[in-house]
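Next comes query-v6.tsv, a file with TSV, C-alpha atoms and all ligand atoms.
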chain	number	residue	atom	x	y	z
A	1	MET	CA	-179.10	54.32	-81.67
A	2	ILE	CA	-179.53	51.31	-83.88
A	3	ASP	CA	-182.36	51.60	-86.35
A	4	GLY	CA	-184.39	48.48	-85.58
A	5	ARG	CA	-186.65	48.97	-88.62
A	6	LEU	CA	-189.11	46.36	-87.49
A	7	ASP	CA	-192.16	48.59	-87.83
A	8	GLY	CA	-194.37	47.20	-90.54
A	9	LEU	CA	-191.40	46.21	-92.64
A	10	CYS	CA	-191.17	43.11	-94.76
A	11	GLY	CA	-188.59	40.49	-93.97
A	12	ASP	CA	-186.51	41.51	-96.95
A	13	ALA	CA	-185.79	44.93	-95.54
A	14	VAL	CA	-184.92	43.41	-92.20
A	15	CYS	CA	-182.61	40.81	-93.72
A	16	ARG	CA	-180.84	43.32	-95.95
A	17	GLU	CA	-180.09	45.45	-92.98
A	18	ARG	CA	-178.98	42.44	-91.06
A	19	SER	CA	-176.50	41.44	-93.73
A	20	GLY	CA	-175.07	44.94	-93.35
A	21	GLY	CA	-173.52	43.95	-90.06
A	22	PHE	CA	-176.29	44.26	-87.47
A	23	THR	CA	-175.17	41.08	-85.75
A	24	GLY	CA	-171.65	42.32	-85.18
A	25	ALA	CA	-169.85	40.30	-87.83
A	26	ALA	CA	-166.07	40.76	-87.93
A	27	ALA	CA	-165.07	44.25	-89.04
A	28	PRO	CA	-163.44	44.57	-92.45
A	29	PRO	CA	-159.62	44.78	-92.22
A	30	ILE	CA	-159.61	48.49	-93.14
A	31	LEU	CA	-161.43	49.31	-89.90
A	32	ALA	CA	-158.74	47.64	-87.84
A	33	SER	CA	-156.48	50.69	-88.08
A	34	MET	CA	-159.23	53.18	-87.15
A	35	ALA	CA	-160.02	54.44	-83.70
A	36	ILE	CA	-163.01	52.35	-82.77
A	37	LEU	CA	-163.93	53.28	-79.22
A	38	ASP	CA	-165.11	50.94	-76.51
A	39	ILE	CA	-168.87	51.29	-75.92
A	40	ALA	CA	-170.23	51.48	-72.38
A	41	LEU	CA	-172.98	48.94	-71.74
A	42	MET	CA	-176.14	49.30	-69.67
A	43	GLY	CA	-175.09	49.05	-66.04
A	44	ASN	CA	-172.06	51.32	-66.49
A	45	PRO	CA	-172.69	54.31	-64.16
A	46	ILE	CA	-171.55	56.80	-66.83
A	47	LEU	CA	-174.75	56.00	-68.73
A	48	ALA	CA	-176.88	56.94	-65.73
A	49	GLN	CA	-175.50	60.39	-65.04
A	50	GLN	CA	-176.04	63.87	-66.38
A	51	ALA	CA	-173.25	64.72	-68.83
A	52	ALA	CA	-171.24	67.94	-68.50
A	53	LEU	CA	-171.63	70.87	-70.89
A	54	VAL	CA	-168.88	71.19	-73.50
A	55	ASP	CA	-166.96	74.37	-72.62
A	56	ASP	CA	-165.30	74.92	-75.98
A	57	PRO	CA	-166.85	73.23	-79.04
A	58	LEU	CA	-163.83	74.38	-81.09
A	59	ASP	CA	-161.32	72.54	-78.88
A	60	PRO	CA	-159.34	70.18	-81.17
A	61	ALA	CA	-159.89	67.43	-78.60
A	62	ILE	CA	-163.62	67.66	-79.36
A	63	ALA	CA	-163.00	67.31	-83.10
A	64	ALA	CA	-160.80	64.27	-82.42
A	65	LEU	CA	-163.51	62.73	-80.23
A	66	VAL	CA	-166.12	63.31	-82.95
A	67	ALA	CA	-163.90	61.66	-85.59
A	68	ASP	CA	-163.51	58.57	-83.40
A	69	MET	CA	-167.24	58.54	-82.64
A	70	GLU	CA	-168.04	58.69	-86.36
A	71	GLU	CA	-165.87	55.65	-86.99
A	72	THR	CA	-167.26	53.83	-83.99
A	73	MET	CA	-170.86	54.50	-85.06
A	74	ALA	CA	-170.18	53.40	-88.63
A	75	ALA	CA	-168.43	50.20	-87.52
A	76	ALA	CA	-171.43	49.34	-85.34
A	77	ASN	CA	-173.91	50.18	-88.09
A	78	GLY	CA	-175.58	52.73	-85.82
A	79	VAL	CA	-177.52	55.89	-86.68
A	80	GLY	CA	-176.56	57.76	-83.52
A	81	LEU	CA	-174.04	57.78	-80.70
A	82	ALA	CA	-173.72	59.92	-77.59
A	83	ALA	CA	-170.41	60.79	-75.91
A	84	PRO	CA	-171.30	59.01	-72.62
A	85	GLN	CA	-171.62	55.81	-74.65
A	86	VAL	CA	-167.90	56.03	-75.42
A	87	LYS	CA	-167.23	56.84	-71.75
A	88	ARG	CA	-166.90	60.60	-72.17
A	89	SER	CA	-169.45	62.34	-69.98
A	90	LEU	CA	-169.98	65.32	-72.28
A	91	GLN	CA	-173.08	66.82	-73.87
A	92	LEU	CA	-172.23	65.80	-77.41
A	93	VAL	CA	-174.05	63.50	-79.80
A	94	VAL	CA	-173.42	62.39	-83.38
A	95	PHE	CA	-176.13	61.05	-85.65
A	96	LYS	CA	-177.43	60.73	-89.17
A	97	VAL	CA	-180.90	60.54	-90.67
A	98	PRO	CA	-181.14	58.12	-93.61
A	99	ALA	CA	-183.29	59.66	-96.37
A	100	GLU	CA	-185.34	56.48	-96.73
A	101	ARG	CA	-186.48	56.84	-93.12
A	102	THR	CA	-188.06	60.26	-93.64
A	103	GLU	CA	-191.50	61.12	-94.98
A	104	ASP	CA	-190.18	63.74	-97.39
A	105	GLY	CA	-187.16	61.70	-98.49
A	106	VAL	CA	-184.77	64.34	-97.18
A	107	GLY	CA	-182.22	62.90	-94.80
A	108	LEU	CA	-179.32	64.41	-92.95
A	109	PRO	CA	-175.70	63.27	-93.38
A	110	PHE	CA	-173.44	62.63	-90.41
A	111	SER	CA	-174.04	65.49	-87.96
A	112	VAL	CA	-172.76	66.73	-84.62
A	113	LEU	CA	-174.84	68.36	-81.91
A	114	ILE	CA	-173.21	69.88	-78.83
A	115	ASN	CA	-174.96	71.09	-75.65
A	116	PRO	CA	-178.42	70.36	-77.10
A	117	VAL	CA	-181.80	71.53	-75.85
A	118	ILE	CA	-185.04	69.85	-76.98
A	119	GLU	CA	-188.63	70.97	-76.74
A	120	PRO	CA	-191.69	69.05	-77.90
A	121	LEU	CA	-193.89	70.71	-80.52
A	122	GLY	CA	-197.48	69.59	-80.10
A	123	GLU	CA	-198.86	66.70	-78.11
A	124	ALA	CA	-198.53	63.87	-80.65
A	125	ILE	CA	-196.55	60.81	-79.64
A	126	ASP	CA	-195.39	57.95	-81.88
A	127	GLU	CA	-194.26	54.55	-80.73
A	128	ALA	CA	-191.66	52.53	-82.66
A	129	TYR	CA	-188.89	50.02	-82.12
A	130	GLU	CA	-185.49	51.32	-81.06
A	131	GLY	CA	-182.19	49.65	-80.43
A	132	CYS	CA	-179.13	50.98	-78.64
A	133	LEU	CA	-175.44	50.14	-78.90
A	134	SER	CA	-175.30	50.19	-75.10
A	135	VAL	CA	-178.11	47.61	-74.89
A	136	PRO	CA	-176.86	45.14	-77.50
A	137	GLY	CA	-179.09	42.46	-78.90
A	138	LEU	CA	-182.34	43.95	-77.61
A	139	THR	CA	-185.05	46.14	-79.08
A	140	GLY	CA	-188.28	47.58	-77.74
A	141	ARG	CA	-191.12	49.93	-78.58
A	142	VAL	CA	-190.50	53.44	-77.28
A	143	PRO	CA	-192.90	56.41	-77.25
A	144	ARG	CA	-191.37	59.67	-78.48
A	145	TRP	CA	-192.64	63.13	-79.33
A	146	ARG	CA	-193.58	63.12	-83.00
A	147	GLN	CA	-192.36	66.66	-83.55
A	148	ILE	CA	-189.67	68.57	-81.71
A	149	GLY	CA	-187.59	71.69	-81.92
A	150	TYR	CA	-183.96	71.36	-80.99
A	151	ARG	CA	-180.99	73.63	-80.79
A	152	GLY	CA	-177.35	73.32	-79.95
A	153	ILE	CA	-173.91	74.01	-81.36
A	154	GLY	CA	-172.16	72.38	-84.29
A	155	LEU	CA	-168.55	71.30	-84.58
A	156	ASP	CA	-167.86	74.61	-86.36
A	157	GLY	CA	-169.03	76.51	-83.27
A	158	LYS	CA	-172.14	77.79	-85.04
A	159	ALA	CA	-175.63	77.61	-83.61
A	160	ILE	CA	-177.95	74.88	-84.88
A	161	GLU	CA	-181.72	75.27	-84.66
A	162	ARG	CA	-184.16	72.86	-86.31
A	163	GLU	CA	-187.77	71.75	-86.19
A	164	VAL	CA	-188.05	68.09	-87.12
A	165	SER	CA	-190.47	65.18	-86.96
A	166	GLY	CA	-190.65	61.42	-87.31
A	167	PHE	CA	-187.43	59.44	-87.39
A	168	HIS	CA	-185.22	62.53	-87.15
A	169	ALA	CA	-187.06	63.58	-83.98
A	170	ARG	CA	-186.76	60.04	-82.60
A	171	VAL	CA	-182.99	59.82	-83.13
A	172	ILE	CA	-182.45	63.18	-81.42
A	173	GLN	CA	-184.62	62.23	-78.43
A	174	HIS	CA	-182.87	58.86	-78.07
A	175	GLU	CA	-179.36	60.32	-78.27
A	176	CYS	CA	-180.06	63.30	-76.03
A	177	ASP	CA	-181.56	60.96	-73.42
A	178	HIS	CA	-178.04	59.53	-73.07
A	179	LEU	CA	-176.91	63.00	-71.98
A	180	TRP	CA	-179.49	63.09	-69.20
A	181	GLY	CA	-178.62	59.56	-68.02
A	182	ARG	CA	-181.58	57.77	-69.62
A	183	LEU	CA	-181.63	54.59	-71.69
A	184	TYR	CA	-184.60	53.68	-73.89
A	185	PRO	CA	-185.93	50.81	-71.71
A	186	SER	CA	-186.70	53.40	-69.02
A	187	ARG	CA	-188.89	55.24	-71.57
A	188	MET	CA	-190.93	52.20	-72.56
A	189	ARG	CA	-194.58	52.15	-71.51
A	190	ASP	CA	-194.73	48.38	-71.67
A	191	LEU	CA	-191.67	46.19	-71.19
A	192	GLY	CA	-193.65	43.41	-72.85
A	193	SER	CA	-192.32	44.56	-76.23
A	194	LEU	CA	-188.69	44.28	-75.12
A	195	ALA	CA	-187.27	41.52	-77.29
A	196	PHE	CA	-184.11	39.99	-78.66
A	197	VAL	CA	-183.53	41.29	-82.18
A	198	ASP	CA	-182.43	37.84	-83.39
A	199	GLU	CA	-185.67	36.32	-82.13
A	200	LEU	CA	-187.78	38.97	-83.89
A	201	TYR	CA	-185.88	38.28	-87.12
A	202	ARG	CA	-186.63	34.58	-86.69
A	203	GLN	CA	-190.32	35.40	-86.22
A	204	VAL	CA	-190.37	37.60	-89.33
A	205	GLN	CA	-188.65	34.86	-91.33
A	206	ALA	CA	-191.05	32.22	-90.02
A	207	SER	CA	-194.10	34.32	-90.95
A	208	ARG	CA	-192.67	34.81	-94.45
A	209	ASP	CA	-192.11	31.07	-94.81
A	210	ASP	CA	-195.69	30.43	-93.62
A	211	SER	CA	-197.16	32.84	-96.17
A	212	ARG	CA	-195.05	31.20	-98.89
A	213	ASP	CA	-196.42	27.78	-97.87
A	214	VAL	CA	-199.97	29.14	-98.12
A	215	GLU	CA	-199.24	30.61	-101.58
A	216	ALA	CA	-197.64	27.36	-102.74
A	217	SER	CA	-200.58	25.23	-101.62
A	218	ALA	CA	-203.04	27.69	-103.21
A	219	THR	CA	-201.12	27.44	-106.49
A	220	ALA	CA	-201.07	23.65	-106.27
A	221	GLU	CA	-204.84	23.60	-105.79
A	222	GLU	CA	-205.34	25.79	-108.84
A	223	GLU	CA	-203.21	23.48	-110.93
A	224	GLU	CA	-205.05	20.34	-109.86
A	301	NI	NI	-178.54	54.58	-77.44

Would you give me this structure, written as structure tokens?
Ligand code: NI
Amino acid sequence: MIDGRLDGLCGDAVCRERSGGFTGAAAPPILASMAILDIALMGNPILAQQAALVDDPLDPAIAALVADMEETMAAANGVGLAAPQVKRSLQLVVFKVPAERTEDGVGLPFSVLINPVIEPLGEAIDEAYEGCLSVPGLTGRVPRWRQIGYRGIGLDGKAIEREVSGFHARVIQHECDHLWGRLYPSRMRDLGSLAFVDELYRQVQASRDDSRDVEASATAEEEE
């Protein structure tokens, strides 16, 4: 998942993130030697099917896949990636939760979740913009359970069980949807919010320029 961060954010935050590589600028030379995997795009049948359970989370091949997925996610400036997105139909997702995106300021570093199960906690639903590496260039508002419990297995073979909310819950729901063959547009209530990220940035920039014009003319009037 790409963190769209368009919800109530000022243009500065959007532009900073953009300069971090959102638009797919050329990768730094150091990344050239890493195993950046090819990402399946919407329309590829592997994204529409139920992924298979991972038989042995301790299989070295799984660790190797996770290492490549970590590099692929970082190179794409993503916050989550599911194995079917790199054309491996397995129930495995990697993700991270940036601290600044959580209410309590406690994030989660790069994490692995194998054979996950999710259950909603409560009825509350939040809607926010999401982006997806398999749906490049687009973003849309997606309803998700505000609070969920999830469990699965880590790369060390140990059980993981968490109760989370907000952005953490959103990332997990988005990534696990990939394992059930769902992409975020199919979760949207209203496709009217589906938009090109570049166009939304232009709109944010234009509204900032407008407000600056208003401030400038107000200042000029005061000085007259
Ligand atoms: Ni995605």

Collect all residues with atoms no farther than 10 Å from ligand NI 301 (chain A), counting all atoms listed in the file, and output them as a PyMOL selection string.
chain A and resi 1-2+41-42+47+78-82+84-85+130-136+171+173-178+182-184

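Every protein or nucleic acid residue with an atom no more than 8 Å from segment 152-156 of chain A, counting only C-alpha atoms and leaving out same-chain residues fewer than 3 positions away, appears here: Pro57, Leu58, Ala63, Val112, Leu113, Ile114, Asn115, Pro116, Val117, Ala159, Ile160 and Glu161 of chain A.
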
Set out as a tab-separated table a contact list for segment 54-161 of chain A and segment 185-191 of chain A with a cut-off of 7 Å, giving each residue of segment 54-161 of chain A that qualifies its closest atom pair and distance in Å to one decimal, counting all atoms listed in the file, ordered by chain and rising residue number.
residue	atom	partner	partner_atom	distance
A:Arg141	CA	A:Met188	CA	6.4
A:Val142	CA	A:Met188	CA	4.9
A:Pro143	CA	A:Met188	CA	6.6

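Among the candidates A:Arg162, A:Pro109, A:Lys96, A:Val86, the one nearest to Leu121 of chain A when counting all atoms listed in the file is A:Arg162.
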
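You will find atom CA of Asp59 of chain A at 12.9 Å from atom CA of Leu92 of chain A.
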
Can you pull out the residues contacting Gly107 of chain A? Cut-off 9 Å, using all atoms listed in the file, and skip same-chain residues under 5 positions away; I want them as a ChimeraX atom specification.
/A:96-102,168

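Counting all atoms listed in the file and comparing A:Ile39, A:Val93, A:Ile148, A:Ala75, the residue that lies closest to Val164 of chain A is A:Ile148.
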
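Using only C-alpha atoms, the shortest contact distance between Leu200 of chain A and any of A:Tyr150, A:Tyr129, A:Trp145, A:Phe110 is found at A:Tyr129.
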
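Among the candidates A:Ser165, A:Gln49, A:Asn44, A:Ser89, the one nearest to Glu103 of chain A when counting all atoms listed in the file is A:Ser165.
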
How many Å lie between atom CA of Leu37 of chain A and atom CA of Ile62 of chain A, rounded to one decimal?
14.4 Å

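Counting from atom CA of Asp104 of chain A, the distance to atom CA of Pro120 of chain A is 20.3 Å.
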
Would you kindly return, as a PyMOL selection string, each protein, DNA or RNA residue with an atom no farther than 6 Å from any atom of Leu90 of chain A, considering all atoms listed in the file and excluding same-chain residues fewer than 3 positions away?
chain A and resi 51-53+83

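Using all atoms listed in the file, the shortest contact distance between Glu123 of chain A and any of A:Phe167, A:Ser111, A:Arg144, A:Arg202 is found at A:Arg144.
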